[in-house]
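**Q** Can you read through this structure? Questions will come right after.
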Amino acid sequence: MDSPASAIGRTFTPPPPMPSAPYGLEQLDPSGPLFPGARIDGSDFGGTPAPVYVDGEMIAEQFSMETEVQGYRLEDFLTLAAQNNPTIRQARLQISAQTAKALQAGLYPNPTLNYIGEQIGVDVEGDKDSPGEFQGMTVTQRFVTAGKLKLSREKYMRRAHVSEHLAMAQQFRVCNDVRIHFFRALAAREIVELRKELLKTAEDSAVTARELYNQGQATRPQVRKSSIALQRARLDVLSAENHYRESFRRLVAIVGVDLTDGVVSGDLMPQGEPLSYQEAMSLVLTESPELAAARAKLAADRVTLSREQVEWVPDIVAEGGAGYNFEAKETTAAAGVSIELPVFDRNQGTIRQAQLDYRRQQEEIRRTELMLGQQMANVYQQYLTALQIATEYDRVIIPEARLAYQELLESYKANRVDWPTVLDAQMDYFDSRLTRVQHLEQVRTNEVLVRGYLLHGGLMAAPGPTPPGHIDAVAKPR
């Protein structure tokens with residue numbers, strides 16, 4: 001007796017459907033679970049990302065890079081930052097503040113007008129309420145000796161010179177930060193384009209997997225794996241676009257002007273010959289604004305010491321005036337001169353403090369040199385390593401990966417290799433290009449620091465010319 005005919009080979013089961021695009025914010029449900037309870041079966045794909053709201057607002061499903069019409073170059077951001085970054089204006093105001101102190105410190109003391117009435121209301125013969133013995137006015141003037149006012153003005157003018165170097169350092173901080181964030185945004189932009197290429201590849205692979213399934217050359221698990229790879233590629237594109245948005249907005253924050261989302265345009269490849277470590281150290285030790293400010297501060301401390309060394313020299317206070325002597329019934333004059341005797345206080349403590357501040361600033365110069373050397377060792381190592389890796393990816397790895405992919409693709413057309421082998425080679429090729437972009441980003445960011453005297457932090461408050469704990473003797477500058 002014949003057995004019943006088997007259904008295998010007679011019934012065709014369609015492949016699982018292609019997954020839908022990941023949710024944008026307008027599709028996300030803030031009240032939904034992080035992981036939906038629905039399970040994947042033969043006709044459903046439940047692997048979509050979790051619903052999310054941000055500040056009650058839904059973000060667009062996709063950041064359309066193609067529809068952006070506003071393009072920005074590095075020069076545009078540098079110009080805007082020079083005009084609008086608040087820390088640059090703060091640094092310039094520090095210069096004005098020190099010149100204002102210099103003006104005040106060199107001003108001569110104002111004279112003092114005194115009224116003098118002696119023995120007012122004393123009883124005299126014929127007048128019980130007399131105007132007194134003497135009524136008059138005197139003027140008192142302090143005459144500053146030992147060139148104190150000149151030294152005070154010179155001290156604050158030298159501090160203004162320190163502020164000029166600090167303002168230059170702040171400008172480098174801002175410009176370096178603009179360059180660093182620009183290159184990061186540029187690299188993020190290139191990564192978006194690479195992710196879109198990978199997405200196109202994943203879409204083609206998903207279609208190919210279904211065609212192979214229809215021809216009986218692929219299984220349903222293989223089709224599902226292609227759907228998973230497709231959805232991951234879509235999420236990678238969304239993540240790359242979000243990262244580009246973040247990089248662009250960080251750049252805009254340094255500039256200090258609200259700009260609409262746009263596309264940065266430029267070249268991520270290094271420009272010019274690479275610097276050697278000796279050239280980089282020589283550059284930073286001879287031209288660093290931080291070192292120039294420290295040396296200018298030493299000159300200001302030298303003048304401060306000279307100023308304190310003459311503080312004990314007494315000023316001359318002269319007083320003169322005229323009035324009417326009612327007892328003698330005639331006009332009389334008054335005159336006087338006073339001088340402080342520096343018997344106990346000869347400004348010994350402040351002179352000693354100024355001497356120690358001067359010695360401390362000498363050590364500060366050396367400390368700054370050593371700190372710059374330590375920072376340069378780290379930054380230059382990262383710069384050189386990234387440059388070597390990026391160069392070899394350009395020279396060897398990417399061309400070899402491209403040729404391997406092309407050769408395997410030709411072999412697949414000749415039925416000598418299977419399709420997954422071609423996909424692996426293609427992924428190696430794209431991964432190599434992605435790694436190259438990441439290392440080029442490191443090259444450019446560290447190159448900016450190497451050539452920009454290691455200065456960064458474009459939104460840090462501009463420092464003043466006087467460090468904490470430094471001498472600043474009186475409320476009124478001297």
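Lettering and numbering for the structure tokens are positional, with chains as A, B, ... in the shown order, residues counted from 1 in each chain, and ligands counted from 1 in the shown order.
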Please provide as a PyMOL selection string all residues within 12 Å of Lys225 of chain A, with the sequence filter that same-chain residues fewer than 3 positions apart are discarded (counting only C-alpha atoms).

**A** chain A and resi 16+18-19+45+202+205-206+209-210+218-222+228-232+420

**Q** Measuring atom to atom with only C-alpha atoms, identify which of A:Tyr429, A:Leu235, A:Tyr115, A:Tyr108 is nearest to Pro399 of chain A.

**A**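 Among the listed residues, A:Tyr429 lies closest to Pro399 of chain A.
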
**Q** Mind dumping a table of every segment 237-314 of chain A residue within 7 Å of segment 435-446 of chain A, with the nearest atom pair and its distance in Å to one decimal, using only C-alpha atoms, sorted by chain and rising number, as a Markdown table?

**A**
| residue | atom | partner | partner_atom | distance |
| --- | --- | --- | --- | --- |
| A:Leu268 | CA | A:Leu440 | CA | 6.6 |
| A:Met269 | CA | A:Leu440 | CA | 6.8 |
| A:Pro270 | CA | A:Arg444 | CA | 6.4 |

**Q** Residues near Val139 of chain A, anyone? I mean within 12 Å using only C-alpha atoms, not counting same-chain ones fewer than 3 positions away, as a VMD selection string.

**A** chain A and resid 110 to 116 136 142 317 to 322 333 to 337

**Q** Keeping only N, CA and C atoms, write those residues as a compact mmCIF listing (two decimals), in the first residue's frame.

**A**
# COMPACT_ATOMS: atom_id res chain seq x y z
N ASN A 110 44.94 114.05 46.03
CA ASN A 110 44.19 115.30 46.06
C ASN A 110 44.56 116.13 47.29
N PRO A 111 44.56 117.47 47.16
CA PRO A 111 44.77 118.31 48.35
C PRO A 111 43.55 118.26 49.27
N THR A 112 43.77 118.61 50.53
CA THR A 112 42.72 118.63 51.54
C THR A 112 42.50 120.05 52.03
N LEU A 113 41.27 120.51 51.98
CA LEU A 113 40.92 121.85 52.47
C LEU A 113 40.37 121.72 53.89
N ASN A 114 40.99 122.48 54.83
CA ASN A 114 40.62 122.40 56.24
C ASN A 114 40.07 123.74 56.73
N TYR A 115 39.04 123.71 57.54
CA TYR A 115 38.56 124.89 58.25
C TYR A 115 39.04 124.80 59.70
N ILE A 116 39.56 125.93 60.24
CA ILE A 116 40.08 125.94 61.59
C ILE A 116 39.41 127.07 62.37
N GLY A 136 39.98 130.53 60.30
CA GLY A 136 40.70 130.53 59.03
C GLY A 136 40.58 129.21 58.27
N ARG A 142 49.85 116.21 50.18
CA ARG A 142 50.87 115.18 50.36
C ARG A 142 51.76 115.15 49.12
N VAL A 317 54.15 115.93 53.98
CA VAL A 317 52.82 116.52 54.04
C VAL A 317 52.97 117.98 54.46
N ALA A 318 52.60 118.89 53.58
CA ALA A 318 52.71 120.33 53.84
C ALA A 318 51.32 120.91 54.02
N GLU A 319 51.24 121.87 54.94
CA GLU A 319 49.96 122.51 55.23
C GLU A 319 50.18 124.01 55.32
N GLY A 320 49.30 124.80 54.73
CA GLY A 320 49.39 126.26 54.80
C GLY A 320 48.03 126.88 54.62
N GLY A 321 47.88 128.10 55.23
CA GLY A 321 46.61 128.79 55.10
C GLY A 321 46.65 130.13 55.78
N ALA A 322 45.50 130.79 55.87
CA ALA A 322 45.39 132.12 56.48
C ALA A 322 44.07 132.24 57.20
N ALA A 333 48.73 134.12 59.24
CA ALA A 333 48.96 132.93 58.39
C ALA A 333 49.33 131.73 59.24
N ALA A 334 49.14 130.54 58.67
CA ALA A 334 49.51 129.29 59.36
C ALA A 334 50.24 128.39 58.38
N ALA A 335 51.23 127.69 58.83
CA ALA A 335 52.01 126.79 57.98
C ALA A 335 52.50 125.62 58.81
N GLY A 336 52.67 124.47 58.13
CA GLY A 336 53.17 123.31 58.84
C GLY A 336 53.67 122.25 57.88
N VAL A 337 54.61 121.48 58.30
CA VAL A 337 55.16 120.37 57.53
C VAL A 337 55.24 119.16 58.45

**Q** List the spatial neighbours of Asp301 of chain A as number ranges by chain - criterion: any atom at most 12 Å away, only C-alpha atoms, same-chain residues fewer than 4 positions off excluded.

**A** A: 151-152, 154-159, 162, 294-297, 305-308, 351, 353-362, 465-467, 470-472

**Q** Using the selection just defined, write its residues with N, CA and C atoms as a compact mmCIF listing (two decimals), in the first residue's frame.

**A**
# COMPACT_ATOMS: atom_id res chain seq x y z
N LEU A 151 56.48 104.16 39.67
CA LEU A 151 56.63 102.71 39.79
C LEU A 151 55.28 102.01 39.84
N SER A 152 54.31 102.63 40.54
CA SER A 152 52.97 102.01 40.60
C SER A 152 52.36 101.92 39.21
N GLU A 154 53.95 101.86 36.35
CA GLU A 154 54.70 100.89 35.54
C GLU A 154 54.30 99.46 35.89
N LYS A 155 54.05 99.21 37.18
CA LYS A 155 53.68 97.85 37.60
C LYS A 155 52.40 97.40 36.91
N TYR A 156 51.40 98.25 36.89
CA TYR A 156 50.12 97.85 36.29
C TYR A 156 50.16 97.88 34.77
N MET A 157 51.01 98.70 34.20
CA MET A 157 51.18 98.62 32.75
C MET A 157 51.84 97.30 32.35
N ARG A 158 52.75 96.83 33.19
CA ARG A 158 53.35 95.51 32.90
C ARG A 158 52.33 94.40 33.09
N ARG A 159 51.45 94.55 34.05
CA ARG A 159 50.37 93.56 34.19
C ARG A 159 49.42 93.61 32.99
N VAL A 162 50.96 91.49 30.53
CA VAL A 162 50.65 90.08 30.82
C VAL A 162 49.27 89.73 30.28
N ALA A 294 53.94 84.13 31.36
CA ALA A 294 54.69 83.86 32.59
C ALA A 294 55.95 84.72 32.67
N ARG A 295 56.64 84.91 31.54
CA ARG A 295 57.84 85.75 31.54
C ARG A 295 57.48 87.22 31.75
N ALA A 296 56.37 87.65 31.13
CA ALA A 296 55.93 89.03 31.35
C ALA A 296 55.51 89.24 32.80
N LYS A 297 54.96 88.22 33.42
CA LYS A 297 54.57 88.32 34.82
C LYS A 297 55.80 88.46 35.71
N LEU A 305 58.42 94.47 43.23
CA LEU A 305 59.42 94.46 44.29
C LEU A 305 60.07 95.84 44.44
N SER A 306 60.40 96.46 43.31
CA SER A 306 60.98 97.81 43.38
C SER A 306 60.02 98.79 44.03
N ARG A 307 58.74 98.64 43.72
CA ARG A 307 57.74 99.54 44.30
C ARG A 307 57.63 99.36 45.81
N GLU A 308 57.66 98.13 46.28
CA GLU A 308 57.54 97.89 47.71
C GLU A 308 58.79 98.31 48.47
N ILE A 351 57.90 93.72 51.62
CA ILE A 351 59.07 93.56 50.75
C ILE A 351 59.47 92.09 50.67
N GLN A 353 57.51 89.53 51.10
CA GLN A 353 56.49 88.84 50.31
C GLN A 353 56.72 89.07 48.83
N ALA A 354 57.05 90.30 48.45
CA ALA A 354 57.30 90.59 47.03
C ALA A 354 58.51 89.82 46.53
N GLN A 355 59.56 89.69 47.38
CA GLN A 355 60.73 88.90 46.98
C GLN A 355 60.36 87.43 46.76
N LEU A 356 59.53 86.89 47.63
CA LEU A 356 59.13 85.48 47.50
C LEU A 356 58.22 85.28 46.29
N ASP A 357 57.36 86.26 46.02
CA ASP A 357 56.52 86.16 44.82
C ASP A 357 57.37 86.19 43.56
N TYR A 358 58.44 86.99 43.57
CA TYR A 358 59.33 87.04 42.42
C TYR A 358 60.03 85.71 42.22
N ARG A 359 60.50 85.10 43.31
CA ARG A 359 61.14 83.79 43.21
C ARG A 359 60.13 82.73 42.79
N ARG A 360 58.91 82.83 43.30
CA ARG A 360 57.88 81.86 42.92
C ARG A 360 57.58 81.95 41.43
N GLN A 361 57.57 83.17 40.89
CA GLN A 361 57.28 83.31 39.46
C GLN A 361 58.41 82.75 38.61
N GLN A 362 59.66 82.82 39.11
CA GLN A 362 60.75 82.17 38.39
C GLN A 362 60.52 80.67 38.29
N PRO A 465 45.72 88.42 35.20
CA PRO A 465 47.19 88.45 35.25
C PRO A 465 47.77 88.16 36.61
N THR A 466 46.96 88.18 37.68
CA THR A 466 47.46 87.96 39.03
C THR A 466 46.98 86.62 39.55
N PRO A 467 47.88 85.68 39.82
CA PRO A 467 47.45 84.36 40.31
C PRO A 467 46.95 84.45 41.73
N HIS A 470 48.78 85.94 45.25
CA HIS A 470 49.85 86.86 44.88
C HIS A 470 49.65 88.20 45.59
N ILE A 471 50.73 88.96 45.71
CA ILE A 471 50.67 90.23 46.42
C ILE A 471 49.81 91.23 45.66
N ASP A 472 48.96 91.89 46.37
CA ASP A 472 48.20 93.02 45.86
C ASP A 472 47.90 93.89 47.07

**Q** Pull the strand (DSSP E or B) assignments for segment 203-380 of chain A out of DSSP run on the backbone, and list those residues as a ChimeraX atom specification.

**A** /A:263-264,316-325,330-339

**Q** Could you give me, as a PyMOL selection string, the residues within 9 Å of Arg451 of chain A, counting only C-alpha atoms and dropping anything in the same chain fewer than 5 positions from it?

**A** chain A and resi 275+280+283-284+446

**Q** Determine the nearest neighbour of Val450 of chain A from the options A:Gln90, A:Thr331, A:Thr286, A:Ser276, counting only C-alpha atoms.

**A**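 Using only C-alpha atoms, Val450 of chain A sits closest to A:Ser276.
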